[in-house]
Structures are given as C-alpha cells and as structure tokens.
$ cat model10.cif   # mmCIF, C-alpha atoms and all ligand atoms
data_entry
#
loop_
_atom_site.label_atom_id
_atom_site.label_comp_id
_atom_site.auth_asym_id
_atom_site.auth_seq_id
_atom_site.Cartn_x
_atom_site.Cartn_y
_atom_site.Cartn_z
CA MET N 1 0.00 0.00 0.00
CA LYS N 2 1.03 3.63 -0.39
CA LEU N 3 1.45 5.50 2.86
CA LYS N 4 2.43 9.07 3.61
CA PHE N 5 5.49 9.63 5.79
CA GLY N 6 5.23 13.33 6.50
CA SER N 7 4.36 14.64 3.05
CA VAL N 8 6.20 11.91 1.11
CA GLU N 9 4.32 8.88 -0.22
CA GLU N 10 6.10 5.51 -0.01
CA ASN N 11 5.40 1.83 -0.66
CA VAL N 12 4.97 -0.33 2.43
CA VAL N 13 3.76 -3.89 2.95
CA THR N 14 1.94 -4.77 6.15
CA ARG N 15 1.16 -8.17 7.66
CA GLU N 16 -2.56 -7.55 7.10
CA GLU N 17 -1.93 -7.00 3.41
CA PHE N 18 0.41 -9.97 3.06
CA PRO N 19 -0.46 -12.44 5.83
CA LEU N 20 1.73 -15.31 6.94
CA GLU N 21 -0.53 -17.85 5.20
CA LYS N 22 0.11 -16.12 1.89
CA ALA N 23 3.86 -16.11 2.58
CA ARG N 24 3.74 -19.85 3.30
CA GLU N 25 1.85 -20.44 0.05
CA VAL N 26 4.41 -18.42 -1.98
CA LEU N 27 7.36 -20.30 -0.47
CA LYS N 28 5.81 -23.77 -0.09
CA ASP N 29 8.16 -25.42 -2.58
CA GLU N 30 11.31 -23.58 -1.51
CA VAL N 31 14.22 -24.72 0.60
CA ILE N 32 15.47 -21.63 2.40
CA ALA N 33 19.18 -21.98 3.18
CA VAL N 34 20.37 -19.51 5.80
CA LEU N 35 24.11 -19.20 5.22
CA GLY N 36 25.95 -17.99 8.31
CA TYR N 37 24.87 -18.19 11.93
CA GLY N 38 26.34 -15.03 13.44
CA VAL N 39 23.93 -12.39 14.72
CA GLN N 40 21.38 -12.07 11.93
CA GLY N 41 21.41 -15.76 10.91
CA PRO N 42 19.92 -17.17 14.14
CA GLY N 43 17.17 -14.52 14.33
CA GLN N 44 16.02 -15.06 10.75
CA ALA N 45 16.45 -18.83 10.66
CA LEU N 46 14.63 -19.48 13.95
CA ASN N 47 11.79 -17.09 13.10
CA LEU N 48 11.35 -18.70 9.68
CA LYS N 49 11.35 -22.17 11.24
CA ASP N 50 8.81 -21.18 13.90
CA ASN N 51 6.66 -19.61 11.19
CA GLY N 52 6.50 -22.98 9.43
CA PHE N 53 8.92 -22.55 6.52
CA ASN N 54 11.32 -25.16 5.21
CA VAL N 55 14.67 -23.87 6.51
CA ILE N 56 18.19 -25.26 6.67
CA VAL N 57 21.31 -23.61 8.07
CA GLY N 58 24.75 -23.51 6.43
CA GLN N 59 27.72 -22.90 8.70
CA ARG N 60 31.41 -23.83 8.59
CA LYS N 61 32.00 -26.75 10.92
CA ASP N 62 35.37 -25.94 12.46
CA SER N 63 33.87 -23.09 14.46
CA LYS N 64 32.14 -22.40 17.77
CA THR N 65 29.27 -21.00 15.74
CA TRP N 66 28.46 -24.53 14.52
CA ASP N 67 28.02 -25.60 18.16
CA LYS N 68 25.75 -22.62 18.75
CA ALA N 69 23.57 -23.74 15.84
CA VAL N 70 23.41 -27.27 17.27
CA ALA N 71 22.52 -25.84 20.69
CA ASP N 72 19.66 -23.92 19.05
CA GLY N 73 18.18 -27.16 17.76
CA TRP N 74 19.55 -27.42 14.19
CA VAL N 75 20.38 -31.04 13.45
CA PRO N 76 23.61 -31.89 11.55
CA GLY N 77 22.82 -33.72 8.33
CA GLU N 78 19.10 -32.85 8.56
CA THR N 79 18.78 -29.10 8.99
CA LEU N 80 22.41 -28.06 9.53
CA PHE N 81 25.07 -28.43 6.84
CA GLU N 82 28.48 -27.21 5.78
CA LEU N 83 28.14 -24.04 3.72
CA GLU N 84 28.62 -25.63 0.32
CA GLU N 85 26.11 -28.40 0.96
CA ALA N 86 23.54 -25.84 2.10
CA CYS N 87 24.19 -23.80 -1.08
CA GLU N 88 23.51 -26.90 -3.14
CA LYS N 89 20.30 -27.84 -1.29
CA GLY N 90 18.79 -24.35 -1.01
CA THR N 91 16.53 -22.78 -3.63
CA ILE N 92 16.74 -19.47 -1.77
CA LEU N 93 20.21 -18.68 -0.47
CA GLN N 94 20.10 -16.19 2.41
CA PHE N 95 23.61 -14.79 2.36
CA LEU N 96 24.05 -13.91 6.04
CA LEU N 97 27.78 -14.23 6.42
CA SER N 98 29.56 -11.10 7.60
CA ASP N 99 29.98 -8.72 4.67
CA ALA N 100 33.69 -9.62 4.49
CA GLY N 101 32.90 -13.36 4.77
CA GLN N 102 30.57 -13.04 1.77
CA ILE N 103 33.54 -12.15 -0.43
CA ALA N 104 35.38 -15.30 0.60
CA LEU N 105 32.36 -17.56 0.04
CA TRP N 106 31.14 -15.92 -3.16
CA PRO N 107 32.78 -18.38 -5.62
CA THR N 108 31.03 -21.28 -3.83
CA VAL N 109 27.67 -19.53 -3.70
CA LYS N 110 27.93 -18.51 -7.35
CA LYS N 111 28.61 -22.09 -8.39
CA HIS N 112 25.30 -23.19 -6.87
CA LEU N 113 23.19 -20.29 -8.10
CA THR N 114 21.47 -22.29 -10.81
CA PRO N 115 18.66 -20.68 -12.86
CA GLY N 116 15.52 -19.91 -10.87
CA LYS N 117 17.16 -19.75 -7.47
CA ALA N 118 17.10 -16.60 -5.37
CA LEU N 119 20.04 -14.85 -3.74
CA TYR N 120 18.92 -12.97 -0.64
CA PHE N 121 20.86 -10.36 1.32
CA SER N 122 20.18 -8.39 4.49
CA HIS N 123 22.48 -5.60 3.41
CA GLY N 124 23.10 -3.96 0.05
CA PHE N 125 26.86 -4.05 0.66
CA GLY N 126 28.06 -6.99 -1.44
CA VAL N 127 26.20 -6.04 -4.61
CA THR N 128 26.57 -2.26 -4.36
CA TYR N 129 30.33 -2.39 -3.87
CA LYS N 130 30.80 -5.10 -6.50
CA GLU N 131 34.11 -3.62 -7.68
CA LYS N 132 35.48 -4.31 -4.21
CA THR N 133 33.59 -7.55 -3.41
CA GLY N 134 33.47 -9.24 -6.82
CA ILE N 135 29.83 -10.21 -6.12
CA VAL N 136 28.12 -10.12 -9.51
CA PRO N 137 25.16 -12.53 -9.58
CA PRO N 138 24.14 -14.38 -12.76
CA SER N 139 21.19 -12.82 -14.60
CA ASP N 140 18.77 -15.77 -14.32
CA VAL N 141 18.33 -15.66 -10.54
CA ASP N 142 16.40 -13.28 -8.29
CA VAL N 143 18.55 -10.93 -6.23
CA ILE N 144 16.56 -9.61 -3.32
CA LEU N 145 17.02 -7.97 0.06
CA VAL N 146 15.25 -7.86 3.39
CA ALA N 147 17.12 -5.76 5.94
CA PRO N 148 15.66 -5.89 9.44
CA LYS N 149 16.22 -2.49 11.04
CA GLY N 150 17.90 -3.80 14.15
CA SER N 151 20.07 -6.50 15.59
CA GLY N 152 19.29 -10.15 14.88
CA THR N 153 18.95 -10.48 18.65
CA SER N 154 16.13 -7.92 18.68
CA LEU N 155 14.52 -9.56 15.64
CA ARG N 156 14.28 -12.84 17.55
CA ARG N 157 13.33 -11.28 20.92
CA MET N 158 10.54 -9.22 19.44
CA PHE N 159 9.23 -12.21 17.47
CA VAL N 160 9.11 -14.32 20.65
CA GLU N 161 7.24 -11.47 22.38
CA GLY N 162 4.70 -11.42 19.53
CA ARG N 163 6.01 -8.10 18.19
CA GLY N 164 7.88 -7.39 14.94
CA LEU N 165 10.90 -5.34 13.95
CA ASN N 166 10.38 -3.37 10.74
CA SER N 167 12.54 -4.15 7.70
CA SER N 168 13.34 -2.61 4.37
CA TYR N 169 13.02 -4.67 1.18
CA ALA N 170 14.49 -4.31 -2.27
CA ILE N 171 14.75 -6.09 -5.59
CA PHE N 172 18.04 -5.76 -7.42
CA GLN N 173 17.20 -8.25 -10.14
CA ASP N 174 13.99 -10.08 -11.03
CA GLY N 175 15.33 -13.14 -12.84
CA THR N 176 12.23 -15.30 -12.46
CA GLY N 177 9.31 -12.86 -12.48
CA ARG N 178 8.64 -13.97 -8.90
CA ALA N 179 11.10 -11.73 -7.08
CA LYS N 180 8.48 -9.42 -5.55
CA ASP N 181 6.41 -12.25 -4.10
CA ARG N 182 9.49 -14.05 -2.88
CA VAL N 183 11.04 -11.02 -1.17
CA VAL N 184 7.84 -9.94 0.55
CA ALA N 185 7.06 -13.50 1.66
CA LEU N 186 10.56 -13.81 3.12
CA GLY N 187 10.25 -10.44 4.83
CA ILE N 188 7.03 -11.53 6.51
CA GLY N 189 8.53 -14.97 7.22
CA VAL N 190 11.57 -13.64 9.09
CA GLY N 191 9.21 -11.81 11.44
CA SER N 192 9.13 -8.24 10.11
CA GLY N 193 6.42 -6.04 11.59
CA TYR N 194 6.06 -4.32 8.24
CA LEU N 195 8.28 -3.73 5.20
CA PHE N 196 9.24 -0.48 3.51
CA GLU N 197 10.66 -0.28 0.00
CA THR N 198 14.21 0.74 -0.84
CA ASP N 199 16.95 -0.21 -3.31
CA PHE N 200 20.33 -1.82 -2.63
CA TYR N 201 22.30 1.43 -2.92
CA ARG N 202 20.02 3.43 -0.64
CA GLU N 203 19.93 0.59 1.88
CA VAL N 204 23.69 0.34 2.17
CA THR N 205 24.40 4.07 2.26
CA SER N 206 21.71 4.83 4.86
CA ASP N 207 22.67 1.79 6.95
CA LEU N 208 26.40 2.53 7.01
CA THR N 209 25.63 6.16 7.88
CA GLY N 210 23.13 5.26 10.59
CA GLU N 211 25.33 2.78 12.42
CA ARG N 212 28.34 5.09 12.31
CA GLY N 213 26.05 7.97 13.24
CA THR N 214 23.20 8.31 15.70
CA LEU N 215 22.59 4.59 16.19
CA MET N 216 26.06 3.68 17.46
CA GLY N 217 29.07 5.86 16.68
CA ALA N 218 27.69 9.34 17.31
CA ILE N 219 25.73 8.30 20.37
CA GLN N 220 28.81 6.84 22.05
CA GLY N 221 30.79 9.96 21.09
CA ILE N 222 28.17 12.30 22.58
CA PHE N 223 27.88 10.17 25.72
CA ALA N 224 31.66 10.22 26.16
CA ALA N 225 31.89 14.00 25.61
CA GLN N 226 29.18 14.83 28.16
CA TYR N 227 30.49 12.27 30.67
CA GLU N 228 34.01 13.69 30.43
CA VAL N 229 32.80 17.26 30.93
CA LEU N 230 30.76 16.28 33.98
CA ARG N 231 33.69 14.33 35.46
CA ALA N 232 36.12 17.18 34.77
CA ASN N 233 33.80 19.43 36.75
CA GLY N 234 33.81 17.27 39.82
CA HIS N 235 30.72 15.11 39.33
CA THR N 236 30.95 11.53 40.52
CA PRO N 237 30.89 8.60 38.08
CA SER N 238 27.41 7.53 39.23
CA GLU N 239 26.01 11.03 38.77
CA ALA N 240 27.73 11.50 35.42
CA PHE N 241 26.51 8.10 34.16
CA ASN N 242 22.96 8.60 35.37
CA GLU N 243 22.69 12.04 33.77
CA THR N 244 24.30 10.87 30.52
CA VAL N 245 23.06 7.34 29.82
CA GLU N 246 20.82 5.73 32.41
CA GLU N 247 18.07 8.30 32.39
CA LEU N 248 18.09 8.31 28.60
CA THR N 249 17.81 4.55 28.13
CA GLN N 250 15.55 3.80 31.07
CA SER N 251 13.19 6.72 31.13
CA LEU N 252 13.32 9.00 28.12
CA MET N 253 13.92 6.82 25.03
CA PRO N 254 10.95 4.55 25.81
CA LEU N 255 8.82 7.72 25.81
CA VAL N 256 10.31 8.81 22.47
CA ALA N 257 9.62 5.33 21.08
CA GLU N 258 6.04 5.49 22.25
CA ASN N 259 5.00 8.90 21.01
CA GLY N 260 7.86 10.95 19.60
CA MET N 261 10.34 13.55 20.81
CA ASP N 262 7.77 16.32 21.35
CA TRP N 263 5.79 14.03 23.65
CA MET N 264 8.89 13.11 25.64
CA TYR N 265 9.72 16.82 25.98
CA ALA N 266 6.14 17.53 27.08
CA ASN N 267 6.51 14.93 29.82
CA CYS N 268 9.60 16.58 31.30
CA SER N 269 9.81 19.67 33.49
CA THR N 270 9.37 23.04 31.85
CA THR N 271 12.96 23.79 32.92
CA ALA N 272 14.16 20.73 31.01
CA GLN N 273 11.99 21.60 28.01
CA ARG N 274 13.28 25.17 27.88
CA GLY N 275 16.88 23.95 27.94
CA ALA N 276 16.35 21.17 25.40
CA LEU N 277 14.55 23.51 23.00
CA ASP N 278 17.40 26.04 23.31
CA TRP N 279 20.23 23.54 22.88
CA TRP N 280 19.17 21.00 20.25
CA LYS N 281 19.95 23.33 17.36
CA PRO N 282 23.50 24.19 18.50
CA PHE N 283 24.14 20.44 18.80
CA ARG N 284 22.71 19.86 15.32
CA ASP N 285 24.86 22.65 13.87
CA ALA N 286 28.01 21.39 15.61
CA THR N 287 27.59 17.79 14.45
CA LYS N 288 26.17 18.30 10.95
CA PRO N 289 29.60 18.80 9.36
CA VAL N 290 30.71 15.49 10.88
CA PHE N 291 27.62 13.76 9.45
CA GLU N 292 28.37 15.30 6.05
CA GLU N 293 31.94 14.03 6.22
CA LEU N 294 30.62 10.61 7.25
CA TYR N 295 28.09 10.43 4.39
CA ASP N 296 30.79 11.40 1.93
CA SER N 297 33.05 8.66 3.26
CA VAL N 298 30.19 6.18 2.79
CA LYS N 299 29.28 7.43 -0.69
CA THR N 300 32.83 7.26 -2.00
CA GLY N 301 33.21 3.67 -0.76
CA LYS N 302 35.88 4.50 1.82
CA GLU N 303 33.83 3.04 4.67
CA ALA N 304 33.17 -0.14 2.71
CA GLN N 305 36.86 -0.54 1.93
CA LYS N 306 37.84 -0.08 5.58
CA SER N 307 35.31 -2.66 6.66
CA ILE N 308 36.48 -5.17 4.04
CA ASP N 309 40.14 -4.65 4.90
CA SER N 310 39.77 -5.07 8.64
CA ASN N 311 37.11 -7.79 8.68
CA SER N 312 38.77 -9.98 6.06
CA LYS N 313 41.71 -10.75 8.33
CA SER N 314 41.61 -14.15 10.00
CA ASP N 315 41.94 -12.59 13.47
CA TYR N 316 39.17 -10.02 12.90
CA ARG N 317 37.12 -11.17 15.87
CA VAL N 318 40.11 -10.97 18.26
CA LYS N 319 40.92 -7.44 17.12
CA LEU N 320 37.29 -6.28 17.43
CA GLU N 321 37.10 -7.83 20.89
CA ALA N 322 40.21 -5.89 21.98
CA GLU N 323 38.58 -2.63 20.90
CA LEU N 324 35.32 -3.55 22.61
CA LYS N 325 37.31 -4.28 25.77
CA GLU N 326 38.68 -0.75 25.69
CA LEU N 327 35.08 0.56 25.72
CA ARG N 328 34.02 -1.93 28.38
CA ASP N 329 36.96 -0.95 30.61
CA SER N 330 36.33 2.79 30.28
CA GLU N 331 35.16 4.43 33.49
CA MET N 332 31.82 5.39 31.96
CA TRP N 333 30.86 1.81 31.06
CA GLN N 334 32.33 0.44 34.28
CA ALA N 335 30.08 2.89 36.12
CA GLY N 336 27.26 1.58 33.89
CA ALA N 337 27.88 -1.99 35.00
CA THR N 338 27.49 -0.94 38.65
CA VAL N 339 24.41 1.14 37.89
CA ARG N 340 22.76 -1.79 36.07
CA LYS N 341 23.38 -4.05 39.07
CA LEU N 342 21.54 -1.56 41.26
CA ARG N 343 18.35 -1.65 39.20
CA PRO N 344 15.69 -3.21 41.45
CA GLU N 345 14.69 -5.66 38.73
CA ASN N 346 18.25 -7.00 38.74
CA ASN N 347 18.22 -7.71 42.45
N1 LIG P 1 24.16 -7.98 12.96
C1 LIG P 1 22.91 -7.67 12.67
O1 LIG P 1 22.05 -7.76 13.53
C2 LIG P 1 22.52 -7.23 11.29
C3 LIG P 1 21.41 -6.39 11.12
C4 LIG P 1 20.96 -6.11 9.82
C5 LIG P 1 21.66 -6.64 8.73
N2 LIG P 1 22.77 -7.41 8.93
C6 LIG P 1 23.46 -7.99 7.77
O2 LIG P 1 23.33 -9.40 7.85
C7 LIG P 1 24.49 -10.03 7.32
C8 LIG P 1 25.10 -10.91 8.39
O3 LIG P 1 25.57 -10.07 9.43
P1 LIG P 1 25.90 -10.61 10.89
O4 LIG P 1 26.12 -9.40 11.74
O5 LIG P 1 24.92 -11.62 11.30
O6 LIG P 1 27.29 -11.26 10.61
P2 LIG P 1 28.24 -11.91 11.67
O7 LIG P 1 27.63 -12.00 12.99
O8 LIG P 1 29.57 -11.26 11.55
O9 LIG P 1 28.22 -13.39 11.05
C9 LIG P 1 29.28 -13.99 10.80
C10 LIG P 1 28.89 -15.32 10.12
O10 LIG P 1 29.67 -15.37 8.94
C11 LIG P 1 30.55 -16.48 9.05
N3 LIG P 1 31.82 -16.16 8.39
C12 LIG P 1 32.55 -15.03 8.51
N4 LIG P 1 33.63 -15.09 7.71
C13 LIG P 1 33.56 -16.30 7.07
C14 LIG P 1 34.36 -16.94 6.10
N5 LIG P 1 35.47 -16.36 5.62
N6 LIG P 1 33.98 -18.16 5.66
C15 LIG P 1 32.86 -18.76 6.14
N7 LIG P 1 32.07 -18.20 7.08
C16 LIG P 1 32.40 -16.97 7.52
C17 LIG P 1 30.70 -16.69 10.56
O11 LIG P 1 31.19 -17.94 10.84
P3 LIG P 1 32.25 -18.08 12.06
O12 LIG P 1 31.50 -17.76 13.31
O13 LIG P 1 32.66 -19.48 11.92
O14 LIG P 1 33.33 -17.06 11.79
C18 LIG P 1 29.26 -16.46 11.01
O15 LIG P 1 28.46 -17.57 10.73
C19 LIG P 1 25.42 -8.90 6.88
O16 LIG P 1 25.17 -8.62 5.53
C20 LIG P 1 24.95 -7.73 7.74
O17 LIG P 1 25.27 -6.50 7.18
C21 LIG P 1 23.21 -7.70 10.18
#

$ encode --input "model10.cif" --output "structure tokens" --more "lines below"
Ligand SMILES: NC(=O)c1ccc[n+]([C@@H]2O[C@H](COP(=O)([O-])OP(=O)(O)OC[C@H]3O[C@@H](n4cnc5c(N)ncnc54)[C@H](OP(=O)(O)O)[C@@H]3O)[C@@H](O)[C@H]2O)c1
Amino acid sequence: MKLKFGSVEENVVTREEFPLEKAREVLKDEVIAVLGYGVQGPGQALNLKDNGFNVIVGQRKDSKTWDKAVADGWVPGETLFELEEACEKGTILQFLLSDAGQIALWPTVKKHLTPGKALYFSHGFGVTYKEKTGIVPPSDVDVILVAPKGSGTSLRRMFVEGRGLNSSYAIFQDGTGRAKDRVVALGIGVGSGYLFETDFYREVTSDLTGERGTLMGAIQGIFAAQYEVLRANGHTPSEAFNETVEELTQSLMPLVAENGMDWMYANCSTTAQRGALDWWKPFRDATKPVFEELYDSVKTGKEAQKSIDSNSKSDYRVKLEAELKELRDSEMWQAGATVRKLRPENN
C-alpha cells in the first residue's frame, strides 16, 4: 500500500496486506538456506522455522558458531550443513555471512546459483560495492534484500514477544518474475512487523551512515563527551553516568519510542523543556559537518573498503574484541555496570 510519511508517499507492505498464510503459500516449494549463523542468521532462521517454513542452516563446521547452531536445535545432516552443501540444497540462499565473509564464500555460492534460485541479502553491501567484493550474480536468478532495522537479537526477541521489527526490502534483479512475491514472503517470514521499500544502494548508504552515526558511533561519542565534561567538573561517576546514559535509556527513550520527541519533551519539566529547545539546534549545527563528512566517506566507498580490509583478516574477531574491551573498561561503562546491578529488577 502507499502511505504518507510526512508529506512523502512511499510503498509499504503490512502483515494484514500480506499475511503469513500467503507467505507460506508463496514459499511452499522452496528450501530456504540460511548461510551464516552469526547475529542475523539465528534470528532469521529461527523465526522462519517457527513460522512454518522449510529452513536449513549452512555454517562452517570448524567453528564455535556450529556448536551454537546445534545448541539452538539445528540437526547436523538434517537441517544443519556445511556451507557448500547448504548452497547446493537451497533454492533461496540467504547470504548472512559477515559482509567480508561473503567475499570469501562468493565463488562457492555462485557455483550453486542455478537458474531460478534466489540470492537474498540483508544488506546492500556486497552487490553495491561489486568492484570491491566481486559479487556479480548471474542474470537468471532473483537478487533480493530484506534488511531488518535492528540486531538479529532484537529480531528474535521481538518475534518471541509477539512483536515485529520493521525491515526494508528491495529487488536488485527479477530473474524469475517472482522476485516481488518471494522477497515480501521472506520479509514476513523472518518476522518483520512491516516492510518499507528501498533499493540496494540506498539501503547500504543509509545503513552505514546510521550505524556510524546516531545509532552507534555518534551516540557513544556524545555520551563520552558529556560524561568527560561532567567528570572534569567534579561530578561523581554515578552522577555522570545517570545524567548521561541511564536516564536516557531507562526513562526517556521509551517515551520517544512510544509517542515521539515532542511528547517526551512535554513529559519533562518546563525547565528541562526550555533547555532542550534552546540547545538541540547548536548540537545539530556542531555535528552536521561530521555527518556530512561521514556520508561522503560512505558514498565514495571508503567506509566499505575499511570494513572489508579489517574484517577480512583471520583474526578479525580478536581485534574487534580488543577494541570492545577498551570501551568496556572505560570508566563510563564500568560505572554503567554498577548502575545496572543496582536496578531493582536486577536484584
Ligand atoms: N548484525 C545484525 O544484527 C545485522 C542487522 C541487519 C543486517 N545485517 C546484515 O546481515 C548479514 C550478516 O551479518 P551478521 O552481523 O549476522 O554477521 P556476523 O555476525 O559477523 O556473522 C558472521 C557469520 O559469517 C561467518 N563467516 C565469517 N567469515 C567467514 C568466512 N570467511 N567463511 C565462512 N564463514 C564466515 C561466521 O562464521 P564463524 O562464526 O565461523 O566465523 C558467522 O556464521 C550482513 O550482511 C549484515 O550487514 C546484520
């Protein structure tokens, strides 16, 4: 259906419009092979299975991730296979390896992309940056995308709670004439609350910007800046953490999620509202040049290249863990660990 977002009309697909029964009918003869069992793989594969689809998982065996798949109930030789075997068995190949891992596995996937199959992504990365990834699908397969707008962990959690994360969907190539039905059915099948239309390029550029920006990078940067200023002015770690992070995540963001920023403001003191209304524009003006620099770095492919270079190394997980440890060990997040322990629901 067409729906107005502000004054702009967009295509969306809701569960009412495309119910689960219809999705099951569209995909009744398909074997959906979920390749990779990292963060997104488990969420999508388990939701599809619980929704009644025919799903198998492909995962390299000499890895702890294989054991995780077994622990989640996937049975070796029945529903869990080595990657190449899953590529051979699947009619829809859900390419959910890390973006760098996709480059390494591409020759194998390509070999098994026989006419009529579908190649499914949850990120426009591999296809958009084809000069860097070498991922150029054959013309007689569907190339489709469903990108849940959140972590695979949230996708699964919300599904179990009877809710649904929203996802974008896109068709890069309709090789069979069935790409639209297939992509929407898969989007509903993985547990999306609703689907909004995009294309591969817009998906990857907005996603890389968002995660480097307000969703993850910018938010940590702003937290750190405010925390450091409060600490430098004699505030204790607990006070600085509570005023920077805890109140935001526990009290204010749920209000924003429920009814928007204006509603959250309206539910704070008039002193807080006055200050927030005075200060949001200076913060926008100070950070906008950084966002422009970031978008440019995404658009020119620099961010993609950096990600490929660092995540293609065999010790990529060890290196990422070392950087995460630095965050974890920072005073702000150490203070956070103590604050979380003090929440009544954790006692
Ligand atoms: N993370 C999210 O919640 C999220 C959200 C939206 C979209 N996406 C997209 O979903 C896709 C999957 O992302 P993810 O975060 O789930 O990835 P991830 O957690 O990094 O998944 C890694 C998976 O890829 C496998 N892998 C990595 N390198 C490999 C290689 N060289 N050969 C074989 N297997 C390899 C891993 O196996 P080992 O464990 O054995 O290394 C693991 O199964 C990406 O396109 C991502 O952009 C992710």

$ closest_residue --input "model10.cif" --among "N:Asn233, N:Ser98, N:Thr198, N:Asn166" --to "ligand LIG 1 (chain P)" --atoms "only C-alpha atoms and all ligand atoms"
N:Ser98

$ residues_near_point --input "model10.cif" --point "(17.1, -29.3, 6.7)" --cutoff "9 Å" --atoms "all atoms listed in the file" --output "PyMOL selection string"
chain N and resi 31-33+54-57+74-81+86+89

$ write_last_selection --input "model10.cif" --atoms "C-alpha atoms" --output "PDB file, keeping the file's coordinate frame"
ATOM      1  CA  VAL N  31      14.220 -24.720   0.600  1.00  0.00           C
ATOM      2  CA  ILE N  32      15.470 -21.630   2.400  1.00  0.00           C
ATOM      3  CA  ALA N  33      19.180 -21.980   3.180  1.00  0.00           C
ATOM      4  CA  ASN N  54      11.320 -25.160   5.210  1.00  0.00           C
ATOM      5  CA  VAL N  55      14.670 -23.870   6.510  1.00  0.00           C
ATOM      6  CA  ILE N  56      18.190 -25.260   6.670  1.00  0.00           C
ATOM      7  CA  VAL N  57      21.310 -23.610   8.070  1.00  0.00           C
ATOM      8  CA  TRP N  74      19.550 -27.420  14.190  1.00  0.00           C
ATOM      9  CA  VAL N  75      20.380 -31.040  13.450  1.00  0.00           C
ATOM     10  CA  PRO N  76      23.610 -31.890  11.550  1.00  0.00           C
ATOM     11  CA  GLY N  77      22.820 -33.720   8.330  1.00  0.00           C
ATOM     12  CA  GLU N  78      19.100 -32.850   8.560  1.00  0.00           C
ATOM     13  CA  THR N  79      18.780 -29.100   8.990  1.00  0.00           C
ATOM     14  CA  LEU N  80      22.410 -28.060   9.530  1.00  0.00           C
ATOM     15  CA  PHE N  81      25.070 -28.430   6.840  1.00  0.00           C
ATOM     16  CA  ALA N  86      23.540 -25.840   2.100  1.00  0.00           C
ATOM     17  CA  LYS N  89      20.300 -27.840  -1.290  1.00  0.00           C
TER      18      LYS N  89
END

$ residues_near_ligand --input "model10.cif" --ligand "ligand LIG 1 (chain P)" --cutoff "6 Å" --atoms "all atoms listed in the file" --output "count of residues only"
24

$ closest_atom_pairs --input "model10.cif" --of "region 181-284 of chain N" --to "region 24-28 of chain N" --cutoff "8 Å" --atoms "only C-alpha atoms" --output "Markdown table"
| residue | atom | partner | partner_atom | distance |
| --- | --- | --- | --- | --- |
| N:Asp181 | CA | N:Val26 | CA | 6.8 |
| N:Arg182 | CA | N:Val26 | CA | 6.8 |
| N:Ala185 | CA | N:Val26 | CA | 6.7 |
| N:Gly189 | CA | N:Arg24 | CA | 7.9 |

$ residues_around --input "model10.cif" --residues "Ser251 (chain N)" --least-positions-apart "6" --cutoff "12 Å" --atoms "all atoms listed in the file" --output "PyMOL selection string"
chain N and resi 242-245+257-258+264-265+267-268

$ write_last_selection --input "model10.cif" --atoms "C-alpha atoms" --output "short mmCIF file (atom, residue, chain, number, x, y, z; two decimals), keeping the file's coordinate frame"
data_model
loop_
_atom_site.label_atom_id
_atom_site.label_comp_id
_atom_site.auth_asym_id
_atom_site.auth_seq_id
_atom_site.Cartn_x
_atom_site.Cartn_y
_atom_site.Cartn_z
CA ASN N 242 22.96 8.60 35.37
CA GLU N 243 22.69 12.04 33.77
CA THR N 244 24.30 10.87 30.52
CA VAL N 245 23.06 7.34 29.82
CA ALA N 257 9.62 5.33 21.08
CA GLU N 258 6.04 5.49 22.25
CA MET N 264 8.89 13.11 25.64
CA TYR N 265 9.72 16.82 25.98
CA ASN N 267 6.51 14.93 29.82
CA CYS N 268 9.60 16.58 31.30
#

$ residues_near_point --input "model10.cif" --point "(32.4, -9.4, -6.5)" --cutoff "12 Å" --atoms "only C-alpha atoms" --output "list in words"
Asp99, Ala100, Gly101, Gln102, Ile103, Ala104, Leu105, Trp106, Pro107, Val109, Lys110, Phe125, Gly126, Val127, Thr128, Tyr129, Lys130, Glu131, Lys132, Thr133, Gly134, Ile135, Val136, Pro137 and Pro138 of chain N

$ decode --input "model10.cif" --residues "region 197-213 of chain N" --atoms "N, CA and C atoms" --output "compact mmCIF listing (two decimals), in the first residue's frame"
# COMPACT_ATOMS: atom_id res chain seq x y z
N GLU N 197 9.89 -0.04 1.22
CA GLU N 197 10.66 -0.28 0.00
C GLU N 197 11.93 0.58 -0.07
N THR N 198 12.99 -0.02 -0.57
CA THR N 198 14.21 0.74 -0.84
C THR N 198 14.90 0.11 -2.06
N ASP N 199 16.14 0.53 -2.34
CA ASP N 199 16.95 -0.21 -3.31
C ASP N 199 18.29 -0.52 -2.64
N PHE N 200 19.11 -1.35 -3.28
CA PHE N 200 20.33 -1.82 -2.63
C PHE N 200 21.26 -0.65 -2.26
N TYR N 201 21.38 0.31 -3.17
CA TYR N 201 22.30 1.43 -2.92
C TYR N 201 21.84 2.28 -1.74
N ARG N 202 20.52 2.59 -1.73
CA ARG N 202 20.02 3.43 -0.64
C ARG N 202 20.08 2.68 0.68
N GLU N 203 19.86 1.36 0.63
CA GLU N 203 19.93 0.59 1.88
C GLU N 203 21.33 0.66 2.46
N VAL N 204 22.33 0.42 1.61
CA VAL N 204 23.69 0.34 2.17
C VAL N 204 24.18 1.72 2.63
N THR N 205 23.88 2.75 1.86
CA THR N 205 24.40 4.07 2.26
C THR N 205 23.69 4.59 3.53
N SER N 206 22.38 4.36 3.64
CA SER N 206 21.71 4.83 4.86
C SER N 206 22.14 3.99 6.06
N ASP N 207 22.32 2.68 5.83
CA ASP N 207 22.67 1.79 6.95
C ASP N 207 24.08 2.09 7.48
N LEU N 208 25.03 2.24 6.57
CA LEU N 208 26.40 2.53 7.01
C LEU N 208 26.46 3.89 7.73
N THR N 209 25.67 4.85 7.22
CA THR N 209 25.63 6.16 7.88
C THR N 209 24.99 6.04 9.26
N GLY N 210 23.87 5.36 9.32
CA GLY N 210 23.13 5.26 10.59
C GLY N 210 23.94 4.60 11.69
N GLU N 211 24.61 3.49 11.35
CA GLU N 211 25.33 2.78 12.42
C GLU N 211 26.59 3.54 12.85
N ARG N 212 27.19 4.26 11.92
CA ARG N 212 28.34 5.09 12.31
C ARG N 212 27.86 6.36 13.00
N GLY N 213 26.62 6.74 12.72
CA GLY N 213 26.05 7.97 13.24
C GLY N 213 25.22 7.75 14.50
